[in-house]
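> Okay, handing you the structure first.
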Amino acid sequence: MTETTKPRAPFAPWDRRELPGLFAVEESARRVGNYKWAEMRLFEVLGGWVATIPELDVKLMLGRHTYHHAWHAELWHKRLPELREMNPDRLTVPPNDAFVTFMDAIREPEAPELTIEKLVGVYRVLIPRFIAVYTYHLNGTSTITDAPTIRSLKFALQDEFDDWRDGEMLLQSLIDTPEKVERAGRRQMDLERLYLVSGGIAGPGSLGEPVEEVRVS
Amino acid sequence: MKKMLPESELARDERFVRTNIEDRLFDPRGPKVAQRNTGPARMGVDRPAAGERSRSLMHGIFVGEIQALEGAGRTCYDFDDETAPFQLKLDMARQCWDESRHCEISVKLGDHMGAEIGEYTESTFLFAAACNPDPVLRLCGVNRALEGLAIDVFNSMKDFGNESGDPVLEFCEDWMLADEVTHVKMGSDWLRRLTATDPERRERALEFQRTVDAIFNLGGFRGEDDENPIQLARNFRRLAGFTDDENDSLAALARESTVQAREMAEAASAALHASAQGS
Ligand SMILES: [Fe+2]
Ligand SMILES: [Fe+2]
């Protein structure tokens with residue numbers, strides 16, 4: 001028979017969750033608003049590109065990924081009021097103008113010959129950074145007080161990893177000449193420079209280190 | 001990337017052959033074909049050309065799914081947050097995923113039925129309806145008219161799969177049908193929400209929908225008689241938010257188009273006959 005009155009600790013011995021975390025409510029909300037803005041700009045352009053891409057496998061993959069990022073934006077949209085932001089639009093903003101410039105550059109290619117440029121921007125530059133920024137938030141936030149954000153971060157991260165692999169594999173199969181290797185490399189470098197100036201998806205400090213203002217000549 | 005991509009810029013690989021709907025309707029071979037009495041046009045397993053017709057229709061579905069994917073994708077991108085609300089874009093993103101699966105399903109069904117990509121032509125009319133600059137009109141033309149047509153087509157194909165003893169075809173069409181009902185419902189819901197205080201805009205959107213519907217009734221393609229290859233799926237349409245009045249008027253429109261098509265075919269056939277005797 002189970003003894004029902006014997007006291008047990010509220011945390012099982014293997015449950016190592018702790019109260020302290022890096023972010024206050026306001027900071028968590030600010031970051032979540034930045035995530036939502038970036039996920040929105042990403043899902044819109046993936047959807048828009050579908051019609052401009054002649055490669056059927058890439059076209060169909062983008063259709064699938066469009067929804068993943070829209071769903072992440074929706075998760076963040078729903079989280080904002082729970083972080084005391086009753087007007088989610090107020091915090092659905094980019095961290096700074098430099099990040100807008102970076103996202104505009106990601107979204108710029110249009111011509112059907114530019115599939116490599118489109119995919120490099122998303123799968124070699126932006127998505128790896130989503131993975132980094134989400135992981136930083138996941139590892140740094142309070143595992144008890146901010147558990148709802150952690151749950152959403154884990155769902156989003158699962159998609160980001162899967163999508164990154166899908167995109168990277170298609171890129172590897174599309175980059176089949178030394179010239180294309182160079183094209184991909186150049187595109188990646190240009191975008192990484194712009195990203196550096198912005199400080200990241202959540203601005204300077206996206207990965208915790210306070211970053212000095214970076215100038216790229 | 002610019003907003004609003006014209007139909008002519010849709011990207012395809014070299015297998016695809018583009019045609020336009022006028023070419024198909026005014027194909028000079030049409031009247032000659034119409035002279036032959038080939039019996040009821042409804043998809044039936046006992047028809048000699050059933051295999052070929054179902055393959056051709058499956059290819060049409062495949063290219064339609066690509067364009068539905070492209071159209072929903074463009075609606076995510078073409079409008080700013082004020083013109084198209086966030087939730088509407090989320091619905092369109094969800095539709096992208098669904099249409100992407102429909103492309104995958106139709107490619108595999110095409111293989112299963114013996115059709116190859118590019119074996120038949122592609123007309124890009126569906127995407128043209130998705131280029132409307134007003135998101136409400138776009139959703140009425142695409143989600144209500146064209147996805148409504150998809151409900152009719154998938155239901156006819158599902159019946160054909162059932163009658164021909166093809167469980168793979170029946171199974172897949174049933175799944176796609178479920179998604180299309182959802183897409184039509186999205187169109188109906190957004191029409192109601194975005195035009196709640198603007199009856200004039202609602203009327204314009206419904207007019208656009210009727211125009212698109214009329215084009216796909218042309219030549220008696222859809223209706224409720226044996227003469228129509230695609231049958232109106234009233235029950236599924238009801239599920240998707242069409243009222244009985246809407247279904248009735250669509251059926252009436254379809255009957256008119258069938259009568260017109262019959263008269264045109266008779267006139268063309270008489271003209272051909274007369275010219276043959278004169279020569
Ligand atoms: Fe579809
Ligand atoms: Fe659909």
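Scheme for the structure tokens: letters A, B, ... for chains in order shown; per-chain residue numbers from 1; ligand numbers from 1 in order shown.
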For a quick test of understanding: name the residues of chain A lying within 9 Å of chain B when counting only C-alpha atoms, and present them as a VMD selection string.

chain A and resid 40 to 41 43 to 56 59 to 71 73 to 74 104 107 to 112

> Could those selected residues go to a file with N, CA and C atoms, as a compact mmCIF listing (two decimals), in the first residue's frame?


# COMPACT_ATOMS: atom_id res chain seq x y z
N MET A 40 8.98 36.62 -39.00
CA MET A 40 7.98 37.09 -39.98
C MET A 40 8.63 37.45 -41.30
N ARG A 41 9.72 38.23 -41.22
CA ARG A 41 10.37 38.63 -42.47
C ARG A 41 10.90 37.39 -43.20
N PHE A 43 9.57 34.14 -43.04
CA PHE A 43 8.54 33.31 -43.67
C PHE A 43 7.94 34.01 -44.88
N GLU A 44 7.84 35.35 -44.80
CA GLU A 44 7.29 36.07 -45.96
C GLU A 44 8.16 35.86 -47.20
N VAL A 45 9.46 35.99 -47.02
CA VAL A 45 10.32 35.90 -48.21
C VAL A 45 10.41 34.46 -48.72
N LEU A 46 10.40 33.49 -47.83
CA LEU A 46 10.40 32.11 -48.30
C LEU A 46 9.17 31.86 -49.16
N GLY A 47 8.00 32.36 -48.69
CA GLY A 47 6.77 32.21 -49.47
C GLY A 47 6.89 32.92 -50.81
N GLY A 48 7.42 34.14 -50.79
CA GLY A 48 7.54 34.92 -52.02
C GLY A 48 8.49 34.28 -53.02
N TRP A 49 9.54 33.65 -52.52
CA TRP A 49 10.53 33.04 -53.42
C TRP A 49 10.01 31.80 -54.16
N VAL A 50 9.05 31.13 -53.57
CA VAL A 50 8.59 29.86 -54.16
C VAL A 50 8.35 30.01 -55.67
N ALA A 51 7.66 31.10 -56.05
CA ALA A 51 7.31 31.30 -57.46
C ALA A 51 8.51 31.62 -58.33
N THR A 52 9.62 32.02 -57.71
CA THR A 52 10.79 32.46 -58.50
C THR A 52 11.83 31.35 -58.63
N ILE A 53 11.55 30.17 -58.07
CA ILE A 53 12.56 29.11 -58.03
C ILE A 53 12.18 27.98 -58.99
N PRO A 54 13.03 27.73 -59.99
CA PRO A 54 12.67 26.69 -60.96
C PRO A 54 12.91 25.26 -60.47
N GLU A 55 13.81 25.10 -59.50
CA GLU A 55 14.14 23.74 -59.06
C GLU A 55 12.99 23.20 -58.19
N LEU A 56 12.38 22.10 -58.67
CA LEU A 56 11.17 21.61 -57.99
C LEU A 56 11.42 21.22 -56.54
N LYS A 59 11.70 24.36 -54.51
CA LYS A 59 10.39 25.00 -54.46
C LYS A 59 9.52 24.35 -53.38
N LEU A 60 9.47 23.03 -53.37
CA LEU A 60 8.59 22.32 -52.43
C LEU A 60 9.12 22.42 -51.00
N MET A 61 10.44 22.41 -50.86
CA MET A 61 11.01 22.57 -49.51
C MET A 61 10.64 23.95 -48.95
N LEU A 62 10.75 24.98 -49.78
CA LEU A 62 10.44 26.32 -49.28
C LEU A 62 8.98 26.43 -48.86
N GLY A 63 8.10 25.74 -49.58
CA GLY A 63 6.69 25.75 -49.20
C GLY A 63 6.52 25.21 -47.78
N ARG A 64 7.26 24.15 -47.49
CA ARG A 64 7.18 23.53 -46.15
C ARG A 64 7.78 24.46 -45.10
N HIS A 65 8.94 25.01 -45.39
CA HIS A 65 9.64 25.83 -44.40
C HIS A 65 8.92 27.16 -44.14
N THR A 66 8.21 27.66 -45.16
CA THR A 66 7.44 28.90 -44.95
C THR A 66 6.55 28.74 -43.73
N TYR A 67 5.89 27.60 -43.66
CA TYR A 67 4.97 27.40 -42.53
C TYR A 67 5.73 27.27 -41.22
N HIS A 68 6.89 26.61 -41.21
CA HIS A 68 7.63 26.45 -39.95
C HIS A 68 7.90 27.82 -39.32
N HIS A 69 8.39 28.75 -40.15
CA HIS A 69 8.77 30.04 -39.58
C HIS A 69 7.55 30.89 -39.23
N ALA A 70 6.46 30.71 -40.00
CA ALA A 70 5.22 31.40 -39.64
C ALA A 70 4.75 30.89 -38.27
N TRP A 71 4.89 29.62 -38.06
CA TRP A 71 4.45 29.04 -36.78
C TRP A 71 5.31 29.56 -35.62
N ALA A 73 6.72 32.47 -35.57
CA ALA A 73 6.25 33.86 -35.35
C ALA A 73 4.97 33.84 -34.51
N GLU A 74 4.12 32.87 -34.78
CA GLU A 74 2.86 32.77 -34.03
C GLU A 74 3.12 32.41 -32.56
N ASP A 104 16.96 43.00 -45.40
CA ASP A 104 16.67 43.43 -46.78
C ASP A 104 17.63 42.74 -47.75
N ARG A 107 16.64 39.23 -48.34
CA ARG A 107 15.42 39.12 -49.15
C ARG A 107 15.56 39.66 -50.57
N GLU A 108 16.74 40.17 -50.90
CA GLU A 108 16.88 40.87 -52.18
C GLU A 108 16.83 39.98 -53.43
N PRO A 109 17.53 38.85 -53.49
CA PRO A 109 17.59 38.10 -54.76
C PRO A 109 16.21 37.70 -55.26
N GLU A 110 16.04 37.80 -56.58
CA GLU A 110 14.72 37.48 -57.15
C GLU A 110 14.82 36.57 -58.37
N ALA A 111 15.81 36.79 -59.23
CA ALA A 111 15.86 36.10 -60.52
C ALA A 111 15.95 34.57 -60.33
N PRO A 112 15.41 33.83 -61.31
CA PRO A 112 15.40 32.36 -61.17
C PRO A 112 16.79 31.73 -61.16

> Can you tell me which residues surround B:Gly44 at a distance of at most 8 Å, considering only C-alpha atoms, apart from same-chain residues fewer than 4 positions away, and format the answer as a PyMOL selection string?

chain B and resi 50+160+163

> Write out as a PDB file with N, CA and C atoms, in the first residue's frame each polymer residue whose atoms come within 9 Å of A:Gly167, counting only C-alpha atoms; drop sequence neighbours fewer than 2 positions from it.


ATOM      1  N   VAL A  58      13.627  22.354 -54.450  1.00  0.00           N
ATOM      2  CA  VAL A  58      13.807  23.551 -53.616  1.00  0.00           C
ATOM      3  C   VAL A  58      12.463  24.257 -53.416  1.00  0.00           C
ATOM      4  N   MET A  61      10.443  22.411 -50.860  1.00  0.00           N
ATOM      5  CA  MET A  61      11.006  22.571 -49.511  1.00  0.00           C
ATOM      6  C   MET A  61      10.642  23.950 -48.946  1.00  0.00           C
ATOM      7  N   LEU A  62      10.753  24.976 -49.783  1.00  0.00           N
ATOM      8  CA  LEU A  62      10.442  26.318 -49.277  1.00  0.00           C
ATOM      9  C   LEU A  62       8.983  26.430 -48.858  1.00  0.00           C
ATOM     10  N   LEU A 119      19.403  30.597 -51.067  1.00  0.00           N
ATOM     11  CA  LEU A 119      19.567  29.555 -50.044  1.00  0.00           C
ATOM     12  C   LEU A 119      20.744  29.836 -49.113  1.00  0.00           C
ATOM     13  N   VAL A 120      21.826  30.378 -49.649  1.00  0.00           N
ATOM     14  CA  VAL A 120      22.973  30.684 -48.780  1.00  0.00           C
ATOM     15  C   VAL A 120      22.550  31.667 -47.687  1.00  0.00           C
ATOM     16  N   VAL A 122      19.692  32.180 -46.345  1.00  0.00           N
ATOM     17  CA  VAL A 122      18.822  31.612 -45.317  1.00  0.00           C
ATOM     18  C   VAL A 122      19.517  30.488 -44.553  1.00  0.00           C
ATOM     19  N   TYR A 123      20.122  29.546 -45.299  1.00  0.00           N
ATOM     20  CA  TYR A 123      20.564  28.310 -44.625  1.00  0.00           C
ATOM     21  C   TYR A 123      22.021  28.344 -44.150  1.00  0.00           C
ATOM     22  N   ARG A 124      22.826  29.285 -44.679  1.00  0.00           N
ATOM     23  CA  ARG A 124      24.200  29.359 -44.184  1.00  0.00           C
ATOM     24  C   ARG A 124      24.430  30.583 -43.309  1.00  0.00           C
ATOM     25  N   ASP A 162      16.277  20.927 -38.316  1.00  0.00           N
ATOM     26  CA  ASP A 162      15.812  20.121 -39.458  1.00  0.00           C
ATOM     27  C   ASP A 162      15.864  20.932 -40.753  1.00  0.00           C
ATOM     28  N   ASP A 163      15.413  22.178 -40.662  1.00  0.00           N
ATOM     29  CA  ASP A 163      15.364  23.012 -41.869  1.00  0.00           C
ATOM     30  C   ASP A 163      16.765  23.340 -42.352  1.00  0.00           C
ATOM     31  N   TRP A 164      17.661  23.613 -41.381  1.00  0.00           N
ATOM     32  CA  TRP A 164      19.043  23.896 -41.761  1.00  0.00           C
ATOM     33  C   TRP A 164      19.614  22.706 -42.545  1.00  0.00           C
ATOM     34  N   ARG A 165      19.361  21.515 -42.056  1.00  0.00           N
ATOM     35  CA  ARG A 165      19.904  20.319 -42.737  1.00  0.00           C
ATOM     36  C   ARG A 165      19.303  20.183 -44.134  1.00  0.00           C
ATOM     37  N   MET A 169      21.730  20.553 -47.409  1.00  0.00           N
ATOM     38  CA  MET A 169      21.902  19.420 -48.334  1.00  0.00           C
ATOM     39  C   MET A 169      21.551  19.822 -49.763  1.00  0.00           C
ATOM     40  N   LEU A 170      20.478  20.603 -49.915  1.00  0.00           N
ATOM     41  CA  LEU A 170      20.133  21.045 -51.273  1.00  0.00           C
ATOM     42  C   LEU A 170      21.221  21.960 -51.819  1.00  0.00           C
ATOM     43  N   LEU A 171      21.748  22.831 -50.958  1.00  0.00           N
ATOM     44  CA  LEU A 171      22.834  23.707 -51.404  1.00  0.00           C
ATOM     45  C   LEU A 171      24.026  22.897 -51.870  1.00  0.00           C
ATOM     46  N   GLN A 172      24.406  21.887 -51.064  1.00  0.00           N
ATOM     47  CA  GLN A 172      25.565  21.077 -51.447  1.00  0.00           C
ATOM     48  C   GLN A 172      25.335  20.400 -52.792  1.00  0.00           C
TER      49      GLN A 172
END

> So that I can see what lies close to A:Phe161, please list as a list in words the residues with an atom at most 9 Å from it, counting only C-alpha atoms and leaving out residues fewer than 5 positions away in the same chain.

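In the requested form, the answer reads Ile127, Pro128, Ile131, Ala156 and Asp166 of chain A.
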
> For A:Thr92, list every protein, DNA or RNA residue within 9 Å, evaluated using only C-alpha atoms, and leave out those in the same chain fewer than 6 positions away; present the list as a JSON list (two decimals) with N, CA, C and O atoms, in the first residue's frame.


[["chain", "number", "residue", "atom", "x", "y", "z"],
["A", 30, "ARG", "N", 11.46, 41.74, -24.85],
["A", 30, "ARG", "CA", 12.13, 42.48, -25.93],
["A", 30, "ARG", "C", 12.73, 41.50, -26.94],
["A", 30, "ARG", "O", 12.56, 41.65, -28.15],
["A", 32, "VAL", "N", 11.90, 38.34, -27.42],
["A", 32, "VAL", "CA", 10.83, 37.60, -28.11],
["A", 32, "VAL", "C", 10.22, 38.44, -29.24],
["A", 32, "VAL", "O", 9.92, 37.93, -30.32],
["A", 33, "GLY", "N", 10.07, 39.74, -29.00],
["A", 33, "GLY", "CA", 9.55, 40.63, -30.05],
["A", 33, "GLY", "C", 10.50, 40.67, -31.25],
["A", 33, "GLY", "O", 10.05, 40.64, -32.40],
["A", 34, "ASN", "N", 11.80, 40.72, -30.98],
["A", 34, "ASN", "CA", 12.79, 40.69, -32.08],
["A", 34, "ASN", "C", 12.72, 39.36, -32.84],
["A", 34, "ASN", "O", 12.81, 39.32, -34.07],
["A", 35, "TYR", "N", 12.56, 38.27, -32.11],
["A", 35, "TYR", "CA", 12.46, 36.95, -32.78],
["A", 35, "TYR", "C", 11.26, 36.94, -33.72],
["A", 35, "TYR", "O", 11.33, 36.46, -34.85],
["A", 36, "LYS", "N", 10.14, 37.47, -33.18],
["A", 36, "LYS", "CA", 8.91, 37.43, -34.00],
["A", 36, "LYS", "C", 9.11, 38.25, -35.28],
["A", 36, "LYS", "O", 8.74, 37.81, -36.37],
["A", 37, "TRP", "N", 9.71, 39.42, -35.15],
["A", 37, "TRP", "CA", 9.92, 40.27, -36.33],
["A", 37, "TRP", "C", 10.77, 39.53, -37.37],
["A", 37, "TRP", "O", 10.44, 39.50, -38.55],
["A", 38, "ALA", "N", 11.86, 38.92, -36.90],
["A", 38, "ALA", "CA", 12.77, 38.24, -37.84],
["A", 38, "ALA", "C", 12.11, 37.00, -38.47],
["A", 38, "ALA", "O", 12.26, 36.75, -39.67],
["A", 77, "HIS", "N", 4.24, 35.53, -30.99],
["A", 77, "HIS", "CA", 3.11, 36.45, -30.91],
["A", 77, "HIS", "C", 2.24, 36.11, -29.69],
["A", 77, "HIS", "O", 1.77, 37.01, -28.98]]

> Compute the set of protein, DNA and RNA residues whose minimum atom distance to ligand 2 is at most 6 Å, using only C-alpha atoms and all ligand atoms, and state it as a list in words.

Glu99, Glu147, Glu180 and His183 of chain B

> For atom CA of B:Thr258 and atom CA of B:Gln231, determine how far apart the two atoms are, in Å to one decimal place.

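Atom CA of B:Gln231 lies at a distance of 12.4 Å from atom CA of B:Thr258.
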
> Which residues come within 10 Å of B:His112, counting only C-alpha atoms, excluding same-chain residues fewer than 3 positions away, as a PDB file with N, CA, C and O atoms, in the first residue's frame?


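So the final result, stored in around32.pdb, reads:
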ATOM      1  N   ARG B  55      -5.047  10.565 -66.444  1.00  0.00           N
ATOM      2  CA  ARG B  55      -3.626  10.984 -66.374  1.00  0.00           C
ATOM      3  C   ARG B  55      -3.497  12.479 -66.680  1.00  0.00           C
ATOM      4  O   ARG B  55      -2.774  13.196 -66.000  1.00  0.00           O
ATOM      5  N   SER B 106       0.701  14.667 -55.832  1.00  0.00           N
ATOM      6  CA  SER B 106       0.318  14.561 -57.252  1.00  0.00           C
ATOM      7  C   SER B 106       1.457  14.039 -58.111  1.00  0.00           C
ATOM      8  O   SER B 106       1.204  13.349 -59.093  1.00  0.00           O
ATOM      9  N   VAL B 107       2.710  14.366 -57.760  1.00  0.00           N
ATOM     10  CA  VAL B 107       3.826  13.795 -58.526  1.00  0.00           C
ATOM     11  C   VAL B 107       3.815  12.277 -58.366  1.00  0.00           C
ATOM     12  O   VAL B 107       3.938  11.533 -59.347  1.00  0.00           O
ATOM     13  N   LYS B 108       3.651  11.840 -57.136  1.00  0.00           N
ATOM     14  CA  LYS B 108       3.678  10.391 -56.905  1.00  0.00           C
ATOM     15  C   LYS B 108       2.465   9.708 -57.547  1.00  0.00           C
ATOM     16  O   LYS B 108       2.585   8.609 -58.091  1.00  0.00           O
ATOM     17  N   LEU B 109       1.308  10.373 -57.501  1.00  0.00           N
ATOM     18  CA  LEU B 109       0.123   9.788 -58.150  1.00  0.00           C
ATOM     19  C   LEU B 109       0.312   9.759 -59.672  1.00  0.00           C
ATOM     20  O   LEU B 109      -0.106   8.816 -60.329  1.00  0.00           O
ATOM     21  N   ALA B 115       1.907   9.000 -65.792  1.00  0.00           N
ATOM     22  CA  ALA B 115       2.096  10.308 -66.451  1.00  0.00           C
ATOM     23  C   ALA B 115       3.439  10.893 -66.032  1.00  0.00           C
ATOM     24  O   ALA B 115       3.888  10.670 -64.908  1.00  0.00           O
ATOM     25  N   GLU B 116       4.056  11.636 -66.964  1.00  0.00           N
ATOM     26  CA  GLU B 116       5.345  12.260 -66.643  1.00  0.00           C
ATOM     27  C   GLU B 116       5.188  13.761 -66.530  1.00  0.00           C
ATOM     28  O   GLU B 116       4.325  14.351 -67.201  1.00  0.00           O
ATOM     29  N   VAL B 168      -5.170   3.536 -54.006  1.00  0.00           N
ATOM     30  CA  VAL B 168      -4.142   4.570 -53.804  1.00  0.00           C
ATOM     31  C   VAL B 168      -4.694   5.935 -54.217  1.00  0.00           C
ATOM     32  O   VAL B 168      -4.589   6.920 -53.482  1.00  0.00           O
ATOM     33  N   LEU B 169      -5.311   5.963 -55.382  1.00  0.00           N
ATOM     34  CA  LEU B 169      -5.890   7.213 -55.884  1.00  0.00           C
ATOM     35  C   LEU B 169      -6.989   7.702 -54.929  1.00  0.00           C
ATOM     36  O   LEU B 169      -7.015   8.874 -54.536  1.00  0.00           O
TER      37      LEU B 169
END

> As a list in words, please: every residue in stretch 17-163 of chain B that a backbone DSSP assignment puts in strand (DSSP E).

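Residues meeting the strand (DSSP E) criterion: Arg18, Thr19, Glu122 and Ser123 of chain B.
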
> One number please: atom CA of B:His59 to atom CA of B:Ala254, in Å, one decimal.

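Those two atoms sit 23.5 Å apart.
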
> Applying 7 Å and only C-alpha atoms, which residues near stretch 11-26 of chain A remain after dropping the ones on its own chain fewer than 5 positions away? List them as a list in words.

Leu83, Gly140, Thr141, Ser142, Thr143, Ile144 and Thr145 of chain A

> Output C-alpha atoms for every residue in the selection just made, as a JSON list (two decimals), in the first residue's frame.


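The resulting file, selection15.json, is shown below:
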[["chain", "number", "residue", "atom", "x", "y", "z"],
["A", 83, "LEU", "CA", 5.27, 38.67, -20.79],
["A", 140, "GLY", "CA", 20.45, 31.34, -20.14],
["A", 141, "THR", "CA", 16.90, 31.89, -19.05],
["A", 142, "SER", "CA", 15.42, 30.77, -15.75],
["A", 143, "THR", "CA", 14.41, 27.17, -16.12],
["A", 144, "ILE", "CA", 11.52, 27.63, -13.70],
["A", 145, "THR", "CA", 10.10, 31.13, -14.21]]

> Which residue is closest to A:Pro95? Choose from A:Tyr134, A:Trp76, A:Phe155, A:Tyr195 and count only C-alpha atoms.

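Closest to A:Pro95 of all the choices is A:Tyr195.
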
> DSSP on the backbone, then: every residue of stretch 78-156 of chain B marked helix (DSSP H, G or I), written as a PyMOL selection string.

chain B and resi 78+86-113+125-129+135-156
